[in-house]
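Here is target.cif, consisting of mmCIF, C-alpha atoms:
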```cif
data_entry
#
loop_
_atom_site.group_PDB
_atom_site.id
_atom_site.type_symbol
_atom_site.label_atom_id
_atom_site.label_comp_id
_atom_site.auth_asym_id
_atom_site.auth_seq_id
_atom_site.Cartn_x
_atom_site.Cartn_y
_atom_site.Cartn_z
ATOM 1 C CA MET A 695 -94.305 51.136 -12.000
ATOM 2 C CA ILE A 696 -96.634 48.157 -12.589
ATOM 3 C CA ALA A 697 -95.584 44.575 -13.376
ATOM 4 C CA SER A 698 -97.617 41.392 -13.657
ATOM 5 C CA ALA A 699 -97.226 37.629 -13.861
ATOM 6 C CA HIS A 700 -99.862 34.931 -14.232
ATOM 7 C CA THR A 701 -100.936 31.321 -13.723
ATOM 8 C CA ASP A 702 -102.899 29.540 -16.455
ATOM 9 C CA HIS A 703 -105.366 26.751 -15.698
ATOM 10 C CA GLY A 704 -106.580 25.992 -19.213
ATOM 11 C CA ALA A 705 -108.712 28.942 -20.334
ATOM 12 C CA LEU A 706 -108.688 30.426 -16.819
ATOM 13 C CA ARG A 707 -105.835 32.854 -16.165
ATOM 14 C CA THR A 708 -105.115 34.556 -12.859
ATOM 15 C CA SER A 709 -102.777 37.552 -12.894
ATOM 16 C CA TYR A 710 -100.694 38.885 -10.030
ATOM 17 C CA VAL A 711 -100.092 42.622 -10.262
ATOM 18 C CA PHE A 712 -97.334 44.364 -8.313
ATOM 19 C CA SER A 713 -96.797 48.107 -8.208
ATOM 20 C CA TYR A 714 -94.366 50.373 -6.401
ATOM 21 C CA GLY A 715 -93.967 54.114 -6.037
ATOM 22 C CA ARG A 716 -90.732 55.504 -7.473
ATOM 23 C CA GLY A 717 -91.199 59.187 -6.761
ATOM 24 C CA PHE A 718 -91.457 61.468 -3.761
ATOM 25 C CA GLU A 719 -95.238 61.916 -3.957
ATOM 26 C CA VAL A 720 -98.272 59.660 -3.889
ATOM 27 C CA ALA A 721 -98.759 58.291 -7.394
ATOM 28 C CA SER A 722 -102.015 57.276 -9.032
ATOM 29 C CA ALA A 723 -101.900 54.136 -11.163
ATOM 30 C CA ALA A 724 -104.392 52.019 -13.088
ATOM 31 C CA PHE A 725 -104.740 48.849 -15.140
ATOM 32 C CA THR A 726 -107.555 46.938 -16.790
ATOM 33 C CA PRO A 727 -107.985 43.175 -16.439
ATOM 34 C CA ALA A 728 -107.349 42.828 -20.184
ATOM 35 C CA GLN A 729 -104.040 44.723 -19.890
ATOM 36 C CA VAL A 730 -102.765 42.169 -17.364
ATOM 37 C CA GLY A 731 -103.895 39.174 -19.431
ATOM 38 C CA VAL A 732 -107.403 38.445 -18.145
ATOM 39 C CA PRO A 733 -109.813 39.529 -20.918
ATOM 40 C CA ARG A 734 -113.081 38.792 -19.093
ATOM 41 C CA THR A 735 -115.064 39.757 -15.999
ATOM 42 C CA VAL A 736 -112.872 39.460 -12.897
ATOM 43 C CA TYR A 737 -112.487 40.138 -9.228
ATOM 44 C CA VAL A 738 -109.485 42.294 -8.354
ATOM 45 C CA TYR A 739 -108.363 41.325 -4.861
ATOM 46 C CA ASP A 740 -106.335 43.896 -2.912
ATOM 47 C CA VAL A 741 -104.083 41.689 -0.786
ATOM 48 C CA ARG A 742 -103.129 44.361 1.765
ATOM 49 C CA ASN A 743 -106.680 45.557 2.391
ATOM 50 C CA ARG A 744 -108.257 42.083 2.019
ATOM 51 C CA SER A 745 -110.988 43.502 -0.213
ATOM 52 C CA ALA A 746 -112.126 42.862 -3.769
ATOM 53 C CA ARG A 747 -113.976 44.583 -6.563
ATOM 54 C CA ARG A 748 -115.749 43.030 -9.544
ATOM 55 C CA LEU A 749 -114.761 44.570 -12.909
ATOM 56 C CA GLY A 750 -115.361 44.031 -16.604
ATOM 57 C CA ALA A 751 -112.379 43.210 -18.842
ATOM 58 C CA SER A 752 -111.993 46.814 -20.026
ATOM 59 C CA ASP A 753 -112.891 48.545 -16.728
ATOM 60 C CA ALA A 754 -109.991 50.418 -15.138
ATOM 61 C CA PHE A 755 -108.858 49.534 -11.640
ATOM 62 C CA THR A 756 -107.358 52.707 -10.163
ATOM 63 C CA PHE A 757 -105.289 52.879 -6.998
ATOM 64 C CA ALA A 758 -102.730 55.072 -5.247
ATOM 65 C CA VAL A 759 -99.177 54.149 -4.260
ATOM 66 C CA ALA A 760 -97.303 56.109 -1.607
ATOM 67 C CA PRO A 761 -93.632 57.018 -2.131
ATOM 68 C CA ASN A 762 -91.398 53.955 -1.692
ATOM 69 C CA ALA A 763 -94.480 51.814 -0.995
ATOM 70 C CA THR A 764 -95.899 48.814 -2.825
ATOM 71 C CA ALA A 765 -99.298 47.447 -3.812
ATOM 72 C CA TYR A 766 -100.201 43.866 -4.737
ATOM 73 C CA PHE A 767 -103.383 42.623 -6.424
ATOM 74 C CA VAL A 768 -104.667 39.236 -7.567
ATOM 75 C CA VAL A 769 -106.878 39.404 -10.675
ATOM 76 C CA THR A 770 -108.978 36.260 -10.998
ATOM 77 C CA PRO A 771 -111.656 35.443 -13.589
ATOM 78 C CA VAL A 772 -115.333 34.955 -12.858
ATOM 79 C CA THR A 773 -116.170 31.488 -14.166
ATOM 80 C CA ARG A 774 -119.291 30.454 -16.063
ATOM 81 C CA ALA A 775 -120.736 29.285 -12.727
ATOM 82 C CA GLY A 776 -120.320 32.848 -11.397
ATOM 83 C CA ILE A 777 -117.529 31.900 -8.983
ATOM 84 C CA ALA A 778 -114.107 33.553 -8.728
ATOM 85 C CA LEU A 779 -111.762 31.192 -6.850
ATOM 86 C CA LEU A 780 -108.657 33.004 -5.619
ATOM 87 C CA GLY A 781 -107.096 29.904 -4.066
ATOM 88 C CA ASP A 782 -105.101 29.277 -0.883
ATOM 89 C CA GLU A 783 -105.704 32.094 1.569
ATOM 90 C CA GLY A 784 -102.237 31.653 3.087
ATOM 91 C CA LYS A 785 -100.124 31.916 -0.077
ATOM 92 C CA PHE A 786 -98.598 34.923 -1.854
ATOM 93 C CA VAL A 787 -99.580 33.283 -5.169
ATOM 94 C CA PRO A 788 -102.904 31.779 -4.042
ATOM 95 C CA ASP A 789 -103.675 29.643 -7.086
ATOM 96 C CA GLY A 790 -100.206 28.693 -8.258
ATOM 97 C CA ARG A 791 -100.022 25.279 -9.922
ATOM 98 C CA LYS A 792 -98.233 23.732 -6.929
ATOM 99 C CA ARG A 793 -101.397 24.357 -4.851
ATOM 100 C CA ILE A 794 -104.218 24.429 -7.423
ATOM 101 C CA ALA A 795 -103.164 21.690 -9.843
ATOM 102 C CA SER A 796 -106.119 22.217 -12.179
ATOM 103 C CA LEU A 797 -109.415 24.040 -12.642
ATOM 104 C CA ALA A 798 -112.355 22.960 -14.813
ATOM 105 C CA ASP A 799 -114.825 25.693 -15.803
ATOM 106 C CA ASP A 800 -118.182 24.040 -16.487
ATOM 107 C CA PRO A 801 -121.409 26.014 -17.023
ATOM 108 C CA ASP A 802 -122.879 25.050 -13.645
ATOM 109 C CA ARG A 803 -119.772 24.384 -11.537
ATOM 110 C CA LEU A 804 -116.099 25.042 -11.006
ATOM 111 C CA SER A 805 -113.965 22.009 -10.160
ATOM 112 C CA ALA A 806 -110.556 22.383 -8.517
ATOM 113 C CA THR A 807 -107.810 19.860 -7.848
ATOM 114 C CA VAL A 808 -105.920 20.956 -4.730
ATOM 115 C CA THR A 809 -102.424 19.595 -3.978
ATOM 116 C CA PHE A 810 -101.013 19.263 -0.450
ATOM 117 C CA ALA A 811 -97.461 19.039 0.865
ATOM 118 C CA PRO A 812 -96.768 15.835 2.856
ATOM 119 C CA GLN A 813 -97.144 17.536 6.257
ATOM 120 C CA GLU A 814 -100.339 19.477 5.424
ATOM 121 C CA ASN A 815 -103.702 18.354 6.767
ATOM 122 C CA ALA A 816 -105.859 21.176 5.388
ATOM 123 C CA VAL A 817 -105.784 24.453 3.475
ATOM 124 C CA ARG A 818 -108.275 27.302 3.467
ATOM 125 C CA LEU A 819 -109.478 28.301 0.006
ATOM 126 C CA PHE A 820 -111.291 31.566 -0.660
ATOM 127 C CA GLY A 821 -112.994 33.461 -3.423
ATOM 128 C CA TYR A 822 -116.045 35.463 -4.393
ATOM 129 C CA ALA A 823 -119.534 34.472 -5.538
ATOM 130 C CA PRO A 824 -122.948 36.160 -5.859
ATOM 131 C CA ARG A 825 -124.460 33.616 -3.427
ATOM 132 C CA ARG A 826 -123.105 31.168 -0.852
ATOM 133 C CA PRO A 827 -121.510 28.428 -2.959
ATOM 134 C CA THR A 828 -122.102 24.759 -2.343
ATOM 135 C CA VAL A 829 -118.746 22.993 -2.016
ATOM 136 C CA THR A 830 -118.651 19.227 -2.483
ATOM 137 C CA ALA A 831 -115.562 17.057 -2.116
ATOM 138 C CA VAL A 832 -115.146 14.507 -4.908
ATOM 139 C CA THR A 833 -111.995 13.246 -3.130
ATOM 140 C CA GLY A 834 -110.743 14.411 0.240
ATOM 141 C CA SER A 835 -113.119 16.499 2.324
ATOM 142 C CA ALA A 836 -114.508 20.026 2.532
ATOM 143 C CA GLY A 837 -115.603 21.825 5.678
ATOM 144 C CA GLU A 838 -118.410 24.293 6.203
ATOM 145 C CA VAL A 839 -118.456 27.280 3.840
ATOM 146 C CA SER A 840 -118.289 30.729 5.422
ATOM 147 C CA PHE A 841 -119.912 33.470 3.332
ATOM 148 C CA ASP A 842 -120.230 37.234 3.677
ATOM 149 C CA LYS A 843 -123.445 38.324 1.910
ATOM 150 C CA ARG A 844 -122.316 41.953 1.808
ATOM 151 C CA THR A 845 -119.011 41.336 -0.001
ATOM 152 C CA GLY A 846 -119.608 37.933 -1.633
ATOM 153 C CA ARG A 847 -116.414 36.548 -0.090
ATOM 154 C CA PHE A 848 -116.454 32.850 0.788
ATOM 155 C CA ALA A 849 -113.930 30.524 2.407
ATOM 156 C CA VAL A 850 -113.773 26.778 2.972
ATOM 157 C CA SER A 851 -111.274 24.427 4.587
ATOM 158 C CA VAL A 852 -110.274 21.514 2.338
ATOM 159 C CA SER A 853 -108.450 18.334 3.407
ATOM 160 C CA PRO A 854 -106.707 15.789 1.181
ATOM 161 C CA SER A 855 -107.617 12.232 0.378
ATOM 162 C CA PRO A 856 -105.383 9.699 2.191
ATOM 163 C CA GLU A 857 -104.326 8.179 -1.149
ATOM 164 C CA GLN A 858 -101.161 9.515 -2.736
ATOM 165 C CA VAL A 859 -100.844 10.301 -6.433
ATOM 166 C CA HIS A 860 -97.805 11.030 -8.595
ATOM 167 C CA GLU A 861 -97.333 14.692 -9.448
ATOM 168 C CA GLY A 862 -95.346 15.642 -12.550
ATOM 169 C CA PRO A 863 -92.804 16.599 -13.691
ATOM 170 C CA GLY A 864 -90.759 15.160 -10.775
ATOM 171 C CA ASN A 865 -93.224 12.302 -10.257
ATOM 172 C CA ASP A 866 -93.394 13.149 -6.527
ATOM 173 C CA LEU A 867 -96.031 11.465 -4.374
ATOM 174 C CA VAL A 868 -98.566 14.016 -3.097
ATOM 175 C CA HIS A 869 -101.999 14.092 -1.505
ATOM 176 C CA GLN A 870 -104.848 15.838 -3.302
ATOM 177 C CA ALA A 871 -108.470 16.826 -2.924
ATOM 178 C CA ILE A 872 -110.884 17.477 -5.760
ATOM 179 C CA ILE A 873 -113.707 19.855 -4.970
ATOM 180 C CA SER A 874 -116.722 21.063 -6.900
ATOM 181 C CA LEU A 875 -118.104 24.569 -6.296
ATOM 182 C CA GLN A 876 -121.599 25.617 -7.355
ATOM 183 C CA SER A 877 -123.375 28.931 -6.837
ATOM 184 C CA ARG A 878 -127.121 28.375 -6.986
#
```

Would you mind writing the structure in this file as structure tokens?
Amino acid sequence: MIASAHTDHGALRTSYVFSYGRGFEVASAAFTPAQVGVPRTVYVYDVRNRSARRLGASDAFTFAVAPNATAYFVVTPVTRAGIALLGDEGKFVPDGRKRIASLADDPDRLSATVTFAPQENAVRLFGYAPRRPTVTAVTGSAGEVSFDKRTGRFAVSVSPSPEQVHEGPGNDLVHQAIISLQSR
């Protein structure tokens, strides 16, 4: 059994794919990015194994599910800048709109608005890129970028601006950071 849900940030959609085994034997399952609503090149992130694979929109992602076991994947698009931002490393839905308020996909950069709860001082964002991305804070601050050349995985700690802004629809006051990611 496979089910999916998604978060839309304009033209960028991230899908969350959950699967579970219903039988008494190991089951093989597969999906394509297009089948789960992401009709472009993606990274499929295996949450349990903390690994990712780059796929085309119609390429099948095949996996096995043990009896009574589950599997969970995050399918995130590769932007025009070549960066796939998965989002908050500590969240089950890493780029949900409560954390990643917006994304802007420009040809040479990906911009992200990150929202923080009142008690949060920083969050760790992660994703994949062909080269170490340059991360610049437009508001708030960004720490040093860690990058694994072998896998393309990057991570960066982001902190909010001290100013509070109103977040809809409840008009709550929140802190935010706006970061720009470039892969040169």

Residues within 10 Å of range 861-864 of chain A, all atoms listed in the file, excluding chain neighbours under 3 positions, as an MDAnalysis selection string: chainID A and resid 792 795 809 858 867:870

Evaluate the PyMOL selection byres ((chain A and resi 847) around 12) here and jot the selected residues down as a JSON list (two decimals) with C-alpha atoms, keeping the file's coordinate frame.
```json
[["chain", "number", "residue", "atom", "x", "y", "z"],
["A", 737, "TYR", "CA", -112.49, 40.14, -9.23],
["A", 739, "TYR", "CA", -108.36, 41.32, -4.86],
["A", 744, "ARG", "CA", -108.26, 42.08, 2.02],
["A", 745, "SER", "CA", -110.99, 43.50, -0.21],
["A", 746, "ALA", "CA", -112.13, 42.86, -3.77],
["A", 747, "ARG", "CA", -113.98, 44.58, -6.56],
["A", 748, "ARG", "CA", -115.75, 43.03, -9.54],
["A", 777, "ILE", "CA", -117.53, 31.90, -8.98],
["A", 778, "ALA", "CA", -114.11, 33.55, -8.73],
["A", 779, "LEU", "CA", -111.76, 31.19, -6.85],
["A", 780, "LEU", "CA", -108.66, 33.00, -5.62],
["A", 783, "GLU", "CA", -105.70, 32.09, 1.57],
["A", 819, "LEU", "CA", -109.48, 28.30, 0.01],
["A", 820, "PHE", "CA", -111.29, 31.57, -0.66],
["A", 821, "GLY", "CA", -112.99, 33.46, -3.42],
["A", 822, "TYR", "CA", -116.04, 35.46, -4.39],
["A", 823, "ALA", "CA", -119.53, 34.47, -5.54],
["A", 824, "PRO", "CA", -122.95, 36.16, -5.86],
["A", 825, "ARG", "CA", -124.46, 33.62, -3.43],
["A", 826, "ARG", "CA", -123.10, 31.17, -0.85],
["A", 827, "PRO", "CA", -121.51, 28.43, -2.96],
["A", 839, "VAL", "CA", -118.46, 27.28, 3.84],
["A", 840, "SER", "CA", -118.29, 30.73, 5.42],
["A", 841, "PHE", "CA", -119.91, 33.47, 3.33],
["A", 842, "ASP", "CA", -120.23, 37.23, 3.68],
["A", 843, "LYS", "CA", -123.44, 38.32, 1.91],
["A", 844, "ARG", "CA", -122.32, 41.95, 1.81],
["A", 845, "THR", "CA", -119.01, 41.34, 0.00],
["A", 846, "GLY", "CA", -119.61, 37.93, -1.63],
["A", 848, "PHE", "CA", -116.45, 32.85, 0.79],
["A", 849, "ALA", "CA", -113.93, 30.52, 2.41],
["A", 850, "VAL", "CA", -113.77, 26.78, 2.97]]
```

Cut-off 8 Å around (-109.3, 25.0, -9.6) with all atoms listed in the file: residues as a VMD selection string: chain A and resid 703 779 781 789 794 to 798 804 to 808

Target residues per the PyMOL selection byres ((chain A and resi 759) around 6), formatted as JSON, numbers by chain: {"A": [715, 720, 721, 758, 760]}

CA of Asp702 in chain A to CA of Val768 in chain A, distance in Å rounded to a single decimal: 13.3 Å

Distance in Å - CA of Tyr710 in chain A versus CA of Ala697 in chain A: 8.3 Å

Which of A:Ala763, A:Val738, A:Ala836, A:Ile873 sits closest to Arg803 in chain A [using all atoms listed in the file]: A:Ile873

One-decimal distance in Å that lies between CA of Ser853 in chain A and CA of Gly837 in chain A: 8.3 Å

Explicit residue set for the PyMOL selection byres ((chain A and resi 696) around 10), as a PyMOL selection string: chain A and resi 695+697-698+711-715+723-725+730+764-766

Given all atoms listed in the file as the counted atoms, nearest of A:Ala705, A:Val736, A:Ala816, A:Val829 to Ser752 in chain A: A:Val736

For Arg707 in chain A, the nearest of the candidates A:Pro812, A:Pro788, A:Gly834, A:Pro733, counting all atoms listed in the file: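 Checking each candidate against Arg707 in chain A, we get A:Pro733 as the closest.
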
Best match for closeness to Val817 in chain A among A:Asp782, A:Asp866, A:Glu857, A:Asp740, counting all atoms listed in the file: A:Asp782

Minimum-distance residue to Thr708 in chain A, chosen among A:Ala871, A:Val769, A:Ala728, A:Ala754 (using all atoms listed in the file):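 Checking each of A:Ala871, A:Val769, A:Ala728, A:Ala754 against Thr708 in chain A, counting all atoms listed in the file, the winner is A:Val769.
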
Minimum-distance residue to Ser874 in chain A, chosen among A:Gln729, A:Thr830, A:Thr770, A:Asn815 (using all atoms listed in the file):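 Using all atoms listed in the file, the shortest distance to Ser874 in chain A belongs to A:Thr830.
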